[in-house]
Amino acid sequence: MTPVATADEAASALRARMTGSVIVPGDADYDAARHVWNGMIDLRPAVIARPHRADGVATAVEVARSGDLQIAVRGGGHNVAGLGTIDGGLVIDLSMMRDVEVDPIRRTVRAGGGATWADVDRATQSFGLATPGGVVSETGIAGLTLGGGMGWLRRRHGLSADNLISAEVVLADGSIVWTNESERPELLWGLRGGGGNFGVVTTFEFRLHPVGPEVAFAYVLYPLDAARAVLRGHEQIINADTGDISSLAVLGHIPPIDDFAPELHGRAFVGALAMYAGEVEAGMDALQPLRELATPIVDMSGPMPFVEVQTIYDPDYPAGHRYYWKSARMDRLSDTTIGALVEAIERAPSAHSTIDLWLNGGAMAEVPADATAFGSREVPYLLSPEANWERPEDDETNIAWTRTVLDAAGTDRAAGSYLNFPGLHEEGDALVRSSFGSTYDRLATLKRAYDPENVFRRNQNVLPAGE
Ligand SMILES: Cc1cc2nc3c(=O)[nH]c(=O)nc-3n(C[C@H](O)[C@H](O)[C@H](O)COP(=O)(O)OP(=O)(O)OC[C@H]3O[C@@H](n4cnc5c(N)ncnc54)[C@H](O)[C@@H]3O)c2cc1C
C-alpha cells in the first residue's frame, strides 16, 4: 500500500479499506471511545479503528505500520495498566468482534477477540457448559486469556490459557493465520500466557466442561481479628482438596451497599470465597468447613447459578474509578505475612481497596511447566493488593500503599508476579522477565520469528531474541 504520512491519512486509508468505524480527535464519540476501564489512564490515540472482521484488523496493522504509528490492541479494555490504549498511536479496538458460537457436541466455543466473559458465559451456559474465565464478567477474554486467566474453575480445569485450543491471529505482516496443536503449535504455546506479543487474536477457541447451571458457592466474611484462624483454616481446606474447590481469601472493608446491614458498613473483614466445580449438594458439604472458620459477620453462601457467581464481583469495579493493582507469587503464607496483611488493610487509604490472596494449585499446577508460556504456575499463593479509589488527588497515597503491602508481606520480587496485575507496568522488562521465568527465552525466540520488529509492544512485552 502507499505509505501514509500523517494520522489523518491513516484515518482516510482505513475509512477507504476497512469495514468498521474509524474515530479521530474531534469526533463526537472520540472521548467515550478513547477511555478504558481504569480512570487513571488518560491517553489520546491519534486514531481508533473498530474493525468488524479479521481482514479489517489486518488492514489496520498494515496502515499503522506504513505510517509508523504505534499500535495498541484493545479487547475488553480492562487491562489494569491501560495497555489497551496509547498516546498518539492507533488503537485497534475489537469491541465490534464479540460473536460467540458454541459447539455443544465437540464441547468447544469460538469467540471474537473483543468478547467479554459475560458474552461467553451466557452462550455456553445455555448448554450447561463453561470454560475457565476470571471472576468479573466485564473483563475481556483476550487480555485475560493471553495473560493466563485465573478464576473459579482454575483448580478443576486450569487457567483460561490452558483451555485455549486454537486461535485465529493477525500477524505483524498483516497475514491471517490459524494456530492449534498441529498447525503452528509453537504460536499456540506462546498465546497460552505469553500476552499480546505475537499478533492480534481475532478468534479464540476454548475447550468446554460441564458446569452448573447451579453451583455451590461460599461467600463468608469474618471479623478481621480472626484473620489468623481464618487464613490458616482456609489454607488447610485447600491443601486437602483435590481440585474441586477454587477459592480466594480477601481482606477489606464492608461496602455501604444494600446487601449489608447499615451497622456493618465500613467494618474490616477477612473473607473466604469459593466455588465448587461439581454437584451442588456435594459442593455445599465440601464448602461447609469454609463457613465455620470463626463466627462470621455475614454468610451469603448457597447454591446459585454459575452466571451469577461469574458476576458477583462486577459491581465492585465500576469503570472510571481509579485502580492500581500489583501482585507477587509466594511459596508459603507465614504468620509474619498474615500479621502484615492485617496491619496493611487497617491502614488502607481507601475503604474500596482489598488485599486478595489466590490459593492456587490443583489443575493449574498440574499442567507441565513447559506446556504453556505462563510462568511459575506451580507456586501455591498469589498475593494481590488492589488499591481502588475515586479522586485523582489520592493517586500517590494509594499507589504507595499498594507497594508497601508487598514489602511488608516480605514478598520476593525475583519470584515474579502475575502479569495481569502488574501495577502500571512501571517495572518494565525486569518484571516481565522474572514473571515468565523459565519460559522467557523460548518466548523471545518465538517473538523473533513472529514479530522481529516488535510491532506489538504495548503489552507484557517480550523483546525479540538477540536484542
Ligand atoms: C475488574 C477486573 C477484574 C479482573 N479479574 C481477573 C480475574 O479474575 N482473573 C484474572 O486472571 N485476571 C483478572 N483481571 C485482570 C485481567 O486479566 C487483565 O486486566 C486483562 O488484561 C484484561 O483483558 P482485556 O481484554 O479486558 O484488556 P485490554 O485492555 O483490552 O487488553 C489487555 C492486553 O491484551 C492485549 N490484547 C487485548 N486484546 C487482544 C487481542 N485480541 N489480541 C492480542 N492482544 C490483545 C492488549 O494489547 C493489552 O496488552 C481483572 C481485571 C479487572 C479490571
# chains A, B, ... in the order shown; residues from 1 in each chain; ligands from 1
$ closest_atom_pairs --of "chain A" --to "ligand 1" --cutoff "7 Å" --atoms "only C-alpha atoms and all ligand atoms" --output "Markdown table"
| residue | atom | partner | partner_atom_place_in_ligand_line | distance |
| --- | --- | --- | --- | --- |
| A:Trp37 | CA | ligand 1 | 53 (C) | 6.9 |
| A:Ala72 | CA | ligand 1 | 47 (O) | 5.4 |
| A:Val73 | CA | ligand 1 | 47 (O) | 4.0 |
| A:Arg74 | CA | ligand 1 | 30 (O) | 3.6 |
| A:Gly75 | CA | ligand 1 | 30 (O) | 3.4 |
| A:Gly76 | CA | ligand 1 | 26 (O) | 3.2 |
| A:Gly77 | CA | ligand 1 | 29 (O) | 3.4 |
| A:His78 | CA | ligand 1 | 26 (O) | 3.5 |
| A:Asn79 | CA | ligand 1 | 19 (O) | 3.3 |
| A:Val80 | CA | ligand 1 | 19 (O) | 4.7 |
| A:Gly82 | CA | ligand 1 | 29 (O) | 5.8 |
| A:Leu83 | CA | ligand 1 | 48 (C) | 4.5 |
| A:Gly84 | CA | ligand 1 | 29 (O) | 3.7 |
| A:Leu94 | CA | ligand 1 | 41 (N) | 6.7 |
| A:Gly113 | CA | ligand 1 | 41 (N) | 4.1 |
| A:Gly114 | CA | ligand 1 | 41 (N) | 6.2 |
| A:Gly133 | CA | ligand 1 | 9 (N) | 6.9 |
| A:Gly134 | CA | ligand 1 | 8 (O) | 3.4 |
| A:Val135 | CA | ligand 1 | 8 (O) | 3.7 |
| A:Val136 | CA | ligand 1 | 3 (C) | 4.9 |
| A:Thr139 | CA | ligand 1 | 26 (O) | 4.3 |
| A:Gly140 | CA | ligand 1 | 26 (O) | 3.4 |
| A:Ile141 | CA | ligand 1 | 25 (O) | 5.6 |
| A:Ala142 | CA | ligand 1 | 25 (O) | 4.3 |
| A:Gly143 | CA | ligand 1 | 23 (O) | 3.2 |
| A:Leu144 | CA | ligand 1 | 17 (O) | 3.3 |
| A:Thr145 | CA | ligand 1 | 17 (O) | 6.9 |
| A:Leu146 | CA | ligand 1 | 34 (O) | 6.7 |
| A:Gly147 | CA | ligand 1 | 17 (O) | 6.4 |
| A:Gly148 | CA | ligand 1 | 11 (O) | 6.1 |
| A:Gly149 | CA | ligand 1 | 11 (O) | 3.5 |
| A:Met150 | CA | ligand 1 | 11 (O) | 3.9 |
| A:Gly151 | CA | ligand 1 | 8 (O) | 5.0 |
| A:Gly195 | CA | ligand 1 | 34 (O) | 6.2 |
| A:Gly196 | CA | ligand 1 | 44 (N) | 3.6 |
| A:Gly199 | CA | ligand 1 | 43 (C) | 5.6 |
| A:Val200 | CA | ligand 1 | 42 (N) | 3.6 |
| A:Val201 | CA | ligand 1 | 42 (N) | 3.8 |
| A:Thr202 | CA | ligand 1 | 41 (N) | 5.5 |
| A:Asp314 | CA | ligand 1 | 1 (C) | 6.9 |
| A:Tyr317 | CA | ligand 1 | 1 (C) | 5.2 |
| A:Asn420 | CA | ligand 1 | 18 (C) | 4.7 |
| A:Phe421 | CA | ligand 1 | 15 (C) | 6.1 |
| A:Arg458 | CA | ligand 1 | 49 (O) | 5.5 |
| A:Asn459 | CA | ligand 1 | 49 (O) | 3.5 |
| A:Gln460 | CA | ligand 1 | 49 (O) | 6.3 |
$ select_by_dssp --residues "range 184-388 of chain A" --states "helix (DSSP H, G or I)" --output "PyMOL selection string"
chain A and resi 185-191+195-198+224-240+262-264+280-291+306-311+314-316+335-346+363-366
$ closest_residue --among "A:Asp316, A:Asp335, A:Asp93, A:Asp103" --to "Ala60 in chain A" --atoms "only C-alpha atoms"
A:Asp93
$ closest_residue --among "A:Val36, A:Val405, A:Val307, A:Ala387" --to "Pro349 in chain A" --atoms "only C-alpha atoms"
A:Ala387
$ residues_around --residues "Arg192 in chain A" --least-positions-apart "4" --cutoff "7 Å" --atoms "only C-alpha atoms" --output "PDB file with C-alpha atoms, in the first residue's frame"
ATOM      1  CA  LEU A 146      -3.348 -14.164  26.809  1.00  0.00           C
ATOM      2  CA  GLY A 148      -3.092 -16.656  31.852  1.00  0.00           C
ATOM      3  CA  ALA A 161      -4.938 -20.174  28.646  1.00  0.00           C
ATOM      4  CA  ASP A 162      -4.806 -23.926  29.347  1.00  0.00           C
ATOM      5  CA  LEU A 164      -7.321 -22.333  24.583  1.00  0.00           C
ATOM      6  CA  LEU A 188      -0.396 -21.581  20.344  1.00  0.00           C
ATOM      7  CA  THR A 372       2.373 -23.193  28.063  1.00  0.00           C
ATOM      8  CA  ALA A 373       4.108 -19.824  28.174  1.00  0.00           C
ATOM      9  CA  PHE A 374       2.588 -18.976  31.586  1.00  0.00           C
TER      10      PHE A 374
END
$ decode --residues "range 374-386 of chain A" --atoms "all heavy atoms" --output "compact mmCIF listing (two decimals), in the first residue's frame"
# COMPACT_ATOMS: atom_id res chain seq x y z
N PHE A 374 2.86 -19.54 30.26
CA PHE A 374 2.59 -18.98 31.59
C PHE A 374 3.70 -19.38 32.56
O PHE A 374 4.04 -20.56 32.65
CB PHE A 374 1.23 -19.47 32.08
CG PHE A 374 0.74 -18.79 33.32
CD1 PHE A 374 0.18 -17.53 33.25
CD2 PHE A 374 0.86 -19.40 34.56
CE1 PHE A 374 -0.27 -16.88 34.40
CE2 PHE A 374 0.40 -18.77 35.71
CZ PHE A 374 -0.16 -17.50 35.62
N GLY A 375 4.24 -18.43 33.29
CA GLY A 375 5.38 -18.74 34.16
C GLY A 375 4.99 -19.22 35.55
O GLY A 375 3.97 -18.83 36.09
N SER A 376 5.85 -20.04 36.15
CA SER A 376 5.78 -20.44 37.57
C SER A 376 4.36 -20.79 38.04
O SER A 376 3.93 -20.32 39.09
CB SER A 376 6.36 -19.34 38.45
OG SER A 376 7.65 -19.03 38.03
N ARG A 377 3.68 -21.63 37.31
CA ARG A 377 2.28 -21.94 37.63
C ARG A 377 2.15 -22.79 38.89
O ARG A 377 1.07 -22.90 39.46
CB ARG A 377 1.61 -22.66 36.47
CG ARG A 377 2.35 -23.90 36.02
CD ARG A 377 1.55 -24.73 35.04
NE ARG A 377 1.22 -24.11 33.79
CZ ARG A 377 -0.04 -23.82 33.43
NH1 ARG A 377 -1.04 -24.07 34.24
NH2 ARG A 377 -0.28 -23.30 32.25
N GLU A 378 3.27 -23.40 39.34
CA GLU A 378 3.19 -24.31 40.48
C GLU A 378 3.19 -23.57 41.82
O GLU A 378 2.89 -24.16 42.85
CB GLU A 378 4.35 -25.32 40.43
CG GLU A 378 5.75 -24.77 40.78
CD GLU A 378 6.30 -23.76 39.75
OE1 GLU A 378 5.73 -23.63 38.66
OE2 GLU A 378 7.31 -23.09 40.07
N VAL A 379 3.54 -22.29 41.82
CA VAL A 379 3.65 -21.55 43.09
C VAL A 379 2.25 -21.45 43.73
O VAL A 379 1.29 -21.05 43.07
CB VAL A 379 4.25 -20.15 42.86
CG1 VAL A 379 4.38 -19.39 44.15
CG2 VAL A 379 5.61 -20.28 42.17
N PRO A 380 2.12 -21.84 45.01
CA PRO A 380 0.78 -22.01 45.58
C PRO A 380 0.00 -20.73 45.88
O PRO A 380 -1.23 -20.77 45.92
CB PRO A 380 1.03 -22.79 46.87
CG PRO A 380 2.47 -22.57 47.20
CD PRO A 380 3.18 -22.33 45.92
N TYR A 381 0.68 -19.60 46.12
CA TYR A 381 -0.07 -18.39 46.51
C TYR A 381 0.26 -17.24 45.57
O TYR A 381 1.41 -17.06 45.16
CB TYR A 381 0.31 -17.92 47.92
CG TYR A 381 0.04 -18.95 48.96
CD1 TYR A 381 1.07 -19.76 49.42
CD2 TYR A 381 -1.24 -19.13 49.47
CE1 TYR A 381 0.83 -20.74 50.37
CE2 TYR A 381 -1.49 -20.10 50.42
CZ TYR A 381 -0.45 -20.90 50.85
OH TYR A 381 -0.70 -21.87 51.77
N LEU A 382 -0.78 -16.46 45.28
CA LEU A 382 -0.54 -15.17 44.62
C LEU A 382 -1.16 -14.10 45.51
O LEU A 382 -2.37 -14.12 45.77
CB LEU A 382 -1.18 -15.13 43.23
CG LEU A 382 -0.87 -13.80 42.52
CD1 LEU A 382 0.54 -13.85 41.90
CD2 LEU A 382 -1.89 -13.51 41.44
N LEU A 383 -0.32 -13.19 45.97
CA LEU A 383 -0.79 -12.10 46.81
C LEU A 383 -1.02 -10.88 45.92
O LEU A 383 -0.14 -10.49 45.16
CB LEU A 383 0.28 -11.77 47.86
CG LEU A 383 -0.04 -10.59 48.77
CD1 LEU A 383 -1.25 -10.88 49.64
CD2 LEU A 383 1.19 -10.26 49.63
N SER A 384 -2.22 -10.30 46.00
CA SER A 384 -2.51 -9.16 45.13
C SER A 384 -3.21 -8.04 45.88
O SER A 384 -4.42 -8.08 46.09
CB SER A 384 -3.36 -9.63 43.95
OG SER A 384 -3.72 -8.52 43.16
N PRO A 385 -2.44 -7.03 46.31
CA PRO A 385 -3.08 -5.85 46.90
C PRO A 385 -3.69 -5.00 45.78
O PRO A 385 -3.03 -4.74 44.77
CB PRO A 385 -1.93 -5.10 47.58
CG PRO A 385 -0.67 -5.68 47.03
CD PRO A 385 -0.98 -6.94 46.28
N GLU A 386 -4.94 -4.61 45.98
CA GLU A 386 -5.66 -3.82 44.97
C GLU A 386 -6.05 -2.50 45.57
O GLU A 386 -6.92 -2.45 46.43
CB GLU A 386 -6.99 -4.50 44.61
CG GLU A 386 -6.90 -5.81 43.95
CD GLU A 386 -8.31 -6.29 43.57
OE1 GLU A 386 -9.31 -5.64 43.95
OE2 GLU A 386 -8.38 -7.30 42.89
